[in-house]
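Below: upload.txt (compact mmCIF, C-alpha atoms and all ligand atoms)
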# COMPACT_ATOMS: atom_id res chain seq x y z
CA MET J 27 0.00 0.00 0.00
CA PRO J 28 1.51 3.41 -0.91
CA ALA J 29 2.47 5.64 1.99
CA PRO J 30 -0.11 8.34 2.69
CA SER J 31 0.96 11.70 1.36
CA ILE J 32 -0.21 15.23 1.89
CA ARG J 33 -0.49 17.62 -1.00
CA LEU J 34 1.90 20.54 -0.64
CA VAL J 35 -0.45 23.45 -0.10
CA ASP J 36 0.66 26.85 -1.27
CA ARG J 37 1.34 29.00 1.77
CA VAL J 38 3.60 31.97 2.13
CA CYS J 39 5.13 33.56 5.23
CA ARG J 40 6.07 37.21 5.76
CA HIS J 41 9.50 38.64 6.36
CA LEU J 42 11.27 41.93 7.03
CA ALA J 43 14.78 43.29 7.24
CA TYR J 44 16.06 46.64 8.49
CA LEU J 45 19.44 48.35 8.28
CA GLY J 46 19.98 51.79 9.76
CA PRO J 47 20.27 53.70 13.01
CA PRO J 48 19.72 51.42 16.00
CA ARG J 49 16.04 50.99 16.85
CA ASP J 50 14.29 48.71 19.29
CA LEU J 51 12.70 45.56 17.90
CA ALA J 52 9.22 46.52 19.12
CA THR J 53 9.35 49.74 17.09
CA LEU J 54 10.44 47.77 14.03
CA LEU J 55 8.35 44.61 14.32
CA LEU J 56 5.38 45.18 16.63
CA HIS J 57 4.24 48.82 16.65
CA PRO J 58 3.78 49.94 13.02
CA PRO J 59 0.13 49.92 11.83
CA HIS J 60 0.85 47.02 9.43
CA SER J 61 3.71 45.53 11.41
CA LEU J 62 5.07 42.03 10.99
CA LEU J 63 2.98 41.22 14.08
CA ARG J 64 -0.18 42.42 12.30
CA GLN J 65 0.86 40.67 9.07
CA SER J 66 1.01 37.42 11.08
CA PHE J 67 -2.78 37.42 11.66
CA ALA J 68 -4.11 39.93 9.11
CA PRO J 69 -1.83 39.87 6.06
CA GLY J 70 -3.02 41.94 3.14
CA ASP J 71 -1.37 40.30 0.15
CA MET J 72 -0.86 36.58 0.69
CA ARG J 73 -1.54 35.37 -2.90
CA CYS J 74 -1.93 31.78 -1.62
CA ASP J 75 -4.10 29.43 0.46
CA ALA J 76 -2.84 30.56 3.85
CA VAL J 77 -4.80 32.94 6.04
CA VAL J 78 -2.50 33.43 9.01
CA ASN J 79 1.18 33.00 9.80
CA ALA J 80 0.87 31.07 13.04
CA ASP J 81 3.46 28.29 12.78
CA GLY J 82 6.18 30.18 14.59
CA PHE J 83 8.36 33.20 14.10
CA GLY J 84 11.89 34.40 14.51
CA ALA J 85 13.91 37.55 14.89
CA GLY J 86 17.63 37.90 14.31
CA TRP J 87 19.65 40.99 15.14
CA TYR J 88 23.23 42.19 15.40
CA PRO J 89 23.94 43.56 18.87
CA GLU J 90 25.63 46.96 18.63
CA GLY J 91 29.29 46.45 17.69
CA ALA J 92 28.85 42.71 17.04
CA ALA J 93 29.49 41.00 13.70
CA ILE J 94 27.65 37.81 14.61
CA PRO J 95 23.86 37.95 15.00
CA VAL J 96 21.69 36.66 17.81
CA ARG J 97 18.42 34.83 17.14
CA TYR J 98 15.17 34.41 19.07
CA ARG J 99 12.81 31.83 17.53
CA ARG J 100 9.65 30.17 18.79
CA VAL J 101 7.15 27.72 17.34
CA ILE J 102 4.14 29.64 18.66
CA PRO J 103 2.47 32.59 16.91
CA ILE J 104 4.27 35.87 17.42
CA TRP J 105 1.10 37.35 18.94
CA ALA J 106 1.07 34.65 21.65
CA ASP J 107 4.60 35.26 22.88
CA THR J 108 4.45 37.82 25.68
CA SER J 109 8.12 37.22 26.44
CA PHE J 110 9.04 38.43 22.97
CA ALA J 111 6.90 41.54 23.34
CA ALA J 112 8.85 42.45 26.48
CA LEU J 113 12.22 41.50 25.00
CA ALA J 114 11.56 43.43 21.78
CA GLY J 115 11.06 46.65 23.69
CA ALA J 116 14.43 46.24 25.39
CA VAL J 117 16.61 45.16 22.45
CA ARG J 118 18.08 47.74 20.07
CA SER J 119 19.89 47.02 16.84
CA GLY J 120 20.83 48.65 13.56
CA ALA J 121 20.49 45.40 11.61
CA VAL J 122 17.46 43.14 12.00
CA LEU J 123 15.88 40.29 10.01
CA ALA J 124 12.60 38.74 11.17
CA ALA J 125 9.93 36.39 9.83
CA VAL J 126 6.54 34.90 10.72
CA ARG J 127 5.92 31.38 9.39
CA SER J 128 3.02 29.60 7.78
CA ALA J 129 4.54 26.17 7.29
CA THR J 130 4.12 24.64 3.86
CA VAL J 131 1.88 21.62 4.41
CA GLY J 132 4.01 18.51 4.66
CA MET J 133 6.89 20.37 6.28
CA PRO J 134 7.54 20.17 10.03
CA VAL J 135 6.19 22.74 12.43
CA THR J 136 9.21 23.14 14.64
CA GLU J 137 11.39 25.92 15.98
CA ILE J 138 14.40 24.97 13.88
CA ALA J 139 12.36 25.49 10.70
CA CYS J 140 11.53 29.08 11.63
CA SER J 141 13.49 31.82 9.89
CA PRO J 142 15.84 33.48 10.21
CA LEU J 143 18.10 30.59 9.37
CA SER J 144 21.68 31.48 10.11
CA SER J 145 25.34 30.72 9.65
CA GLY J 146 28.23 32.80 10.96
CA ARG J 147 27.55 36.45 10.15
CA TRP J 148 24.54 35.81 7.88
CA LEU J 149 20.80 35.70 8.50
CA PHE J 150 18.43 34.24 5.89
CA SER J 151 14.70 33.88 5.29
CA HIS J 152 12.48 32.40 2.57
CA ASN J 153 8.86 33.29 1.85
CA GLY J 154 7.29 30.74 -0.45
CA MET J 155 7.63 27.14 -1.54
CA VAL J 156 9.52 25.04 -4.05
CA THR J 157 7.19 23.23 -6.46
CA GLY J 158 7.65 19.49 -6.79
CA TRP J 159 9.52 19.29 -3.48
CA PRO J 160 11.63 17.30 -2.82
CA ASP J 161 12.11 15.49 -6.17
CA SER J 162 12.49 18.71 -8.17
CA MET J 163 15.50 19.72 -6.08
CA ALA J 164 17.39 16.42 -6.05
CA LYS J 165 19.76 17.39 -8.85
CA LEU J 166 20.61 20.82 -7.44
CA ALA J 167 21.00 19.38 -3.95
CA SER J 168 23.45 16.79 -5.26
CA GLN J 169 25.85 19.63 -6.14
CA LEU J 170 26.27 20.41 -2.43
CA PRO J 171 28.93 18.78 -0.27
CA VAL J 172 27.41 15.88 1.64
CA THR J 173 28.22 17.57 4.96
CA ASP J 174 26.09 20.56 3.94
CA LEU J 175 23.17 18.20 3.39
CA LEU J 176 23.80 16.38 6.67
CA THR J 177 23.80 19.66 8.57
CA LEU J 178 20.76 21.34 7.02
CA GLU J 179 19.13 23.49 9.67
CA ALA J 180 15.75 21.80 9.07
CA PRO J 181 14.19 19.28 6.64
CA THR J 182 12.50 22.03 4.61
CA ASP J 183 12.75 23.64 1.20
CA SER J 184 13.86 26.88 2.87
CA ALA J 185 16.80 25.18 4.59
CA LEU J 186 18.00 23.64 1.32
CA LEU J 187 17.71 27.02 -0.41
CA TRP J 188 19.80 28.50 2.41
CA ALA J 189 22.46 25.81 2.00
CA LEU J 190 22.66 26.62 -1.73
CA VAL J 191 22.91 30.36 -1.06
CA ARG J 192 25.41 29.94 1.78
CA ARG J 193 27.77 27.87 -0.36
CA ARG J 194 27.95 30.78 -2.81
CA LEU J 195 28.48 33.35 -0.06
CA VAL J 196 31.31 31.30 1.41
CA ALA J 197 32.83 31.17 -2.09
CA GLY J 198 32.86 34.98 -2.17
CA GLU J 199 29.76 35.92 -4.15
CA THR J 200 27.89 39.06 -3.15
CA LEU J 201 24.54 38.70 -1.41
CA GLY J 202 22.70 39.76 -4.56
CA GLN J 203 24.68 37.43 -6.83
CA ALA J 204 24.09 34.45 -4.58
CA LEU J 205 20.34 35.05 -4.27
CA GLY J 206 19.94 35.79 -7.96
CA THR J 207 21.80 32.72 -9.13
CA VAL J 208 20.11 30.30 -6.75
CA THR J 209 16.69 31.73 -7.56
CA ALA J 210 17.28 31.34 -11.28
CA GLN J 211 18.56 27.79 -10.84
CA VAL J 212 15.55 26.76 -8.78
CA LEU J 213 13.12 28.34 -11.24
CA ALA J 214 14.78 26.38 -14.04
CA THR J 215 14.32 23.08 -12.23
CA ALA J 216 11.10 23.84 -10.31
CA PRO J 217 9.10 26.33 -12.37
CA GLY J 218 6.39 28.23 -10.57
CA SER J 219 8.22 28.15 -7.24
CA LYS J 220 7.62 31.09 -4.94
CA LEU J 221 11.06 32.34 -4.05
CA ASN J 222 11.15 35.48 -2.00
CA LEU J 223 14.58 35.12 -0.42
CA LEU J 224 16.12 37.57 2.04
CA VAL J 225 19.65 37.66 3.41
CA THR J 226 21.84 40.08 5.34
CA ASP J 227 25.37 40.20 6.74
CA GLY J 228 24.52 43.08 9.06
CA THR J 229 25.71 45.85 6.74
CA THR J 230 24.07 44.99 3.39
CA LEU J 231 20.89 43.10 2.58
CA ALA J 232 19.59 41.42 -0.55
CA ALA J 233 16.09 40.21 -1.33
CA THR J 234 14.33 38.61 -4.28
CA ALA J 235 10.74 39.06 -5.44
CA VAL J 236 9.72 35.92 -7.32
CA HIS J 237 6.00 35.22 -7.60
CA HIS J 238 5.34 37.04 -4.39
CA ALA J 239 5.04 40.50 -2.88
CA LEU J 240 7.96 42.61 -1.67
CA ALA J 241 8.35 46.29 -0.84
CA VAL J 242 11.34 48.46 0.01
CA ARG J 243 11.60 51.85 1.71
CA LEU J 244 14.61 54.10 2.03
CA GLY J 245 14.27 56.87 4.62
CA ASP J 246 15.07 58.15 8.11
CA GLY J 247 18.70 57.13 7.59
CA GLY J 248 17.87 53.49 7.00
CA VAL J 249 16.35 50.94 4.67
CA GLN J 250 13.55 48.49 5.24
CA VAL J 251 12.48 45.57 3.06
CA CYS J 252 9.24 43.79 3.86
CA SER J 253 6.71 41.47 2.25
CA GLU J 254 4.17 44.27 2.68
CA PRO J 255 4.70 47.94 3.59
CA THR J 256 4.51 48.22 7.37
CA ASP J 257 2.95 51.69 7.36
CA HIS J 258 1.35 54.29 5.10
CA ARG J 259 4.29 56.65 4.92
CA ALA J 260 5.54 57.86 1.55
CA GLY J 261 8.57 56.16 0.10
CA TRP J 262 7.52 52.51 -0.09
CA GLU J 263 8.29 51.02 -3.49
CA ARG J 264 6.95 47.69 -4.72
CA VAL J 265 9.76 45.47 -6.01
CA PRO J 266 8.85 44.18 -9.49
CA ASP J 267 8.49 40.44 -9.87
CA GLY J 268 11.63 38.67 -11.07
CA HIS J 269 13.98 41.20 -9.48
CA VAL J 270 16.65 41.20 -6.81
CA VAL J 271 17.18 44.17 -4.51
CA THR J 272 20.52 44.94 -2.87
CA ALA J 273 20.42 47.63 -0.22
CA THR J 274 22.43 49.48 2.41
CA PRO J 275 21.03 52.14 4.76
CA PHE J 276 21.50 54.75 1.99
CA THR J 277 21.26 52.85 -1.29
CA VAL J 278 18.81 50.58 -3.06
CA ASP J 279 19.73 48.80 -6.27
CA THR J 280 17.08 46.77 -8.11
CA ALA J 281 18.05 44.48 -10.99
CA PRO J 282 16.39 41.70 -12.98
CA ILE J 283 17.32 38.20 -11.90
CA PRO J 284 19.61 36.79 -14.58
CA SER J 285 18.34 33.61 -16.20
CA THR J 286 20.46 30.54 -15.80
CA THR J 287 20.06 26.78 -15.71
CA ALA J 288 20.20 24.16 -12.98
CA GLU J 289 23.48 22.85 -14.44
CA GLU J 290 25.41 26.08 -13.91
CA PRO J 291 28.07 25.56 -11.20
N1 LIG J 301 8.24 26.54 2.63
C1 LIG J 301 8.76 27.24 3.77
C2 LIG J 301 8.45 26.53 5.07
O1 LIG J 301 7.65 25.66 5.13
C3 LIG J 301 8.23 28.66 3.82
C4 LIG J 301 6.78 28.67 4.12
C5 LIG J 301 6.08 29.90 3.72
O2 LIG J 301 6.65 30.84 3.16
N2 LIG J 301 4.80 29.90 3.99
O3 LIG J 301 9.03 26.89 6.06
Transcribe the structure of this file into structure tokens.
Ligand code: GLN
Amino acid sequence: MPAPSIRLVDRVCRHLAYLGPPRDLATLLLHPPHSLLRQSFAPGDMRCDAVVNADGFGAGWYPEGAAIPVRYRRVIPIWADTSFAALAGAVRSGAVLAAVRSATVGMPVTEIACSPLSSGRWLFSHNGMVTGWPDSMAKLASQLPVTDLLTLEAPTDSALLWALVRRRLVAGETLGQALGTVTAQVLATAPGSKLNLLVTDGTTLAATAVHHALAVRLGDGGVQVCSEPTDHRAGWERVPDGHVVTATPFTVDTAPIPSTTAEEP
């Protein structure tokens, strides 16, 4: 008898990154009128089957003067974590990446699957899903060193995407190059995938918009990238589909994702 299987349902999380003058996490993530907290239970632009992002959340930040980020992740909804609300008001940082998760059906609901995923000085998040998972990714995954596969942060599409991106960062590619190349490779092998990827090293961030929403705002000495604008202030720009954004607190560069194939090294 074949093993029971669950159809991968299309669900998409929400994520946000900020670089700029140090601000407390509550001001960044909880207080804005359409904050990440609000987007967890009342998102405005999900473009998928999900209604809420209740399968956990995570925040990563670089303590002032530190090159290596700290993470706080939980497998409960962000709105249910009173400890985080208190912590967020007391923690300040000039580089933050956070996400609320709506687990793709068939993938584990566990703390280690919550973004940001991390390695060394990098923080990473993925909004979306890889079509045909896991078979569609077998060939690309086989290009990774076995130890990378054995040490995936979680058994999810997002964690494999992070391993593919991380290998390129370690090899010296820029954040934007690594995201753009991996996104193009995955689209070539798993067309229709939703691949909003987000990565930072604490001084620069890069983010892709692929079949899902993304907005960027430069202002007040900093830059913010989010699945949906967090407030109604002027300056939010929608990132066009199929583009990668690279940003610092004072610059935003948006470029089309170059096409490539799964075979490219
Ligand atoms: N597929 C990823 C996961 O399950 C991301 C989910 C999402 O964006 N909804 O963690």
Nearest to ligand LIG 301 (chain J), chosen from J:Val156, J:Ile102, J:Ala241, J:Leu205, with all atoms listed in the file counted in the distances
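When distances to ligand LIG 301 (chain J) are compared using all atoms listed in the file, the smallest one comes from J:Val156.
Proximity ranking of J:His269, J:Arg127, J:His258, J:Arg193 relative to His238 of chain J places J:His269 first, based on all atoms listed in the file.
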Which residue of J:Tyr88, J:Ala214, J:Val242, J:Leu45 approaches Lys165 of chain J most closely, using all atoms listed in the file:
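Smallest separation from Lys165 of chain J among the options: J:Ala214.
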For chain J against ligand LIG 301 (chain J), with a cut-off of 6 Å and counting only C-alpha atoms and all ligand atoms, what is the closest atom pair and its distance in Å to one decimal for every residue that makes the cut, ordered by chain and number, as JSON lines?
{"residue": "J:Arg37", "atom": "CA", "partner": "J:LIG301", "partner_atom": "N2", "distance": 4.2}
{"residue": "J:Val38", "atom": "CA", "partner": "J:LIG301", "partner_atom": "N2", "distance": 3.0}
{"residue": "J:Cys39", "atom": "CA", "partner": "J:LIG301", "partner_atom": "O2", "distance": 3.7}
{"residue": "J:Arg127", "atom": "CA", "partner": "J:LIG301", "partner_atom": "N2", "distance": 5.7}
{"residue": "J:Ser128", "atom": "CA", "partner": "J:LIG301", "partner_atom": "N2", "distance": 4.2}
{"residue": "J:Ala129", "atom": "CA", "partner": "J:LIG301", "partner_atom": "O1", "distance": 3.8}
{"residue": "J:Thr130", "atom": "CA", "partner": "J:LIG301", "partner_atom": "O1", "distance": 3.9}
{"residue": "J:Met133", "atom": "CA", "partner": "J:LIG301", "partner_atom": "O1", "distance": 5.5}
{"residue": "J:Ala139", "atom": "CA", "partner": "J:LIG301", "partner_atom": "O3", "distance": 5.9}
{"residue": "J:His152", "atom": "CA", "partner": "J:LIG301", "partner_atom": "C3", "distance": 5.8}
{"residue": "J:Asn153", "atom": "CA", "partner": "J:LIG301", "partner_atom": "O2", "distance": 3.6}
{"residue": "J:Gly154", "atom": "CA", "partner": "J:LIG301", "partner_atom": "O2", "distance": 3.7}
{"residue": "J:Met155", "atom": "CA", "partner": "J:LIG301", "partner_atom": "N1", "distance": 4.3}
{"residue": "J:Asp183", "atom": "CA", "partner": "J:LIG301", "partner_atom": "N1", "distance": 5.5}
{"residue": "J:Ser184", "atom": "CA", "partner": "J:LIG301", "partner_atom": "C1", "distance": 5.2}
Shortest interatomic distance to Asn79 of chain J - which of J:Ala125, J:Ala92, J:Ala43, J:Arg264, counting all atoms listed in the file
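Going through J:Ala125, J:Ala92, J:Ala43, J:Arg264 one by one, the smallest distance to Asn79 of chain J is for J:Ala125.
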Determine the nearest neighbour of Val270 of chain J from the options J:Thr215, J:Gln169, J:Gln250, J:Thr207, counting only C-alpha atoms.
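Checking each of J:Thr215, J:Gln169, J:Gln250, J:Thr207 against Val270 of chain J, counting only C-alpha atoms, the winner is J:Thr207.
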I'd like the contact shell of Gly46 of chain J - 7 Å cut-off, all atoms listed in the file, skipping same-chain residues fewer than 4 positions apart - returned as a list in words.
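Returned residues: Gly120, Ala121, Gly247, Gly248, Val249 and Pro275 of chain J.
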Quick one: residues within 8 Å of segment 53-56 of chain J, all atoms listed in the file counted, chain neighbours fewer than 5 positions away excluded, as a ChimeraX atom specification?
/J:44,61-64,111,115,124
Can you spit out the residues from that selection as an mmCIF file, keeping the file's coordinate frame, using C-alpha atoms?
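The resulting again.cif:
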data_model
loop_
_atom_site.group_PDB
_atom_site.id
_atom_site.type_symbol
_atom_site.label_atom_id
_atom_site.label_comp_id
_atom_site.auth_asym_id
_atom_site.auth_seq_id
_atom_site.Cartn_x
_atom_site.Cartn_y
_atom_site.Cartn_z
ATOM 1 C CA TYR J 44 16.060 46.640 8.490
ATOM 2 C CA SER J 61 3.710 45.530 11.410
ATOM 3 C CA LEU J 62 5.070 42.030 10.990
ATOM 4 C CA LEU J 63 2.980 41.220 14.080
ATOM 5 C CA ARG J 64 -0.180 42.420 12.300
ATOM 6 C CA ALA J 111 6.900 41.540 23.340
ATOM 7 C CA GLY J 115 11.060 46.650 23.690
ATOM 8 C CA ALA J 124 12.600 38.740 11.170
#
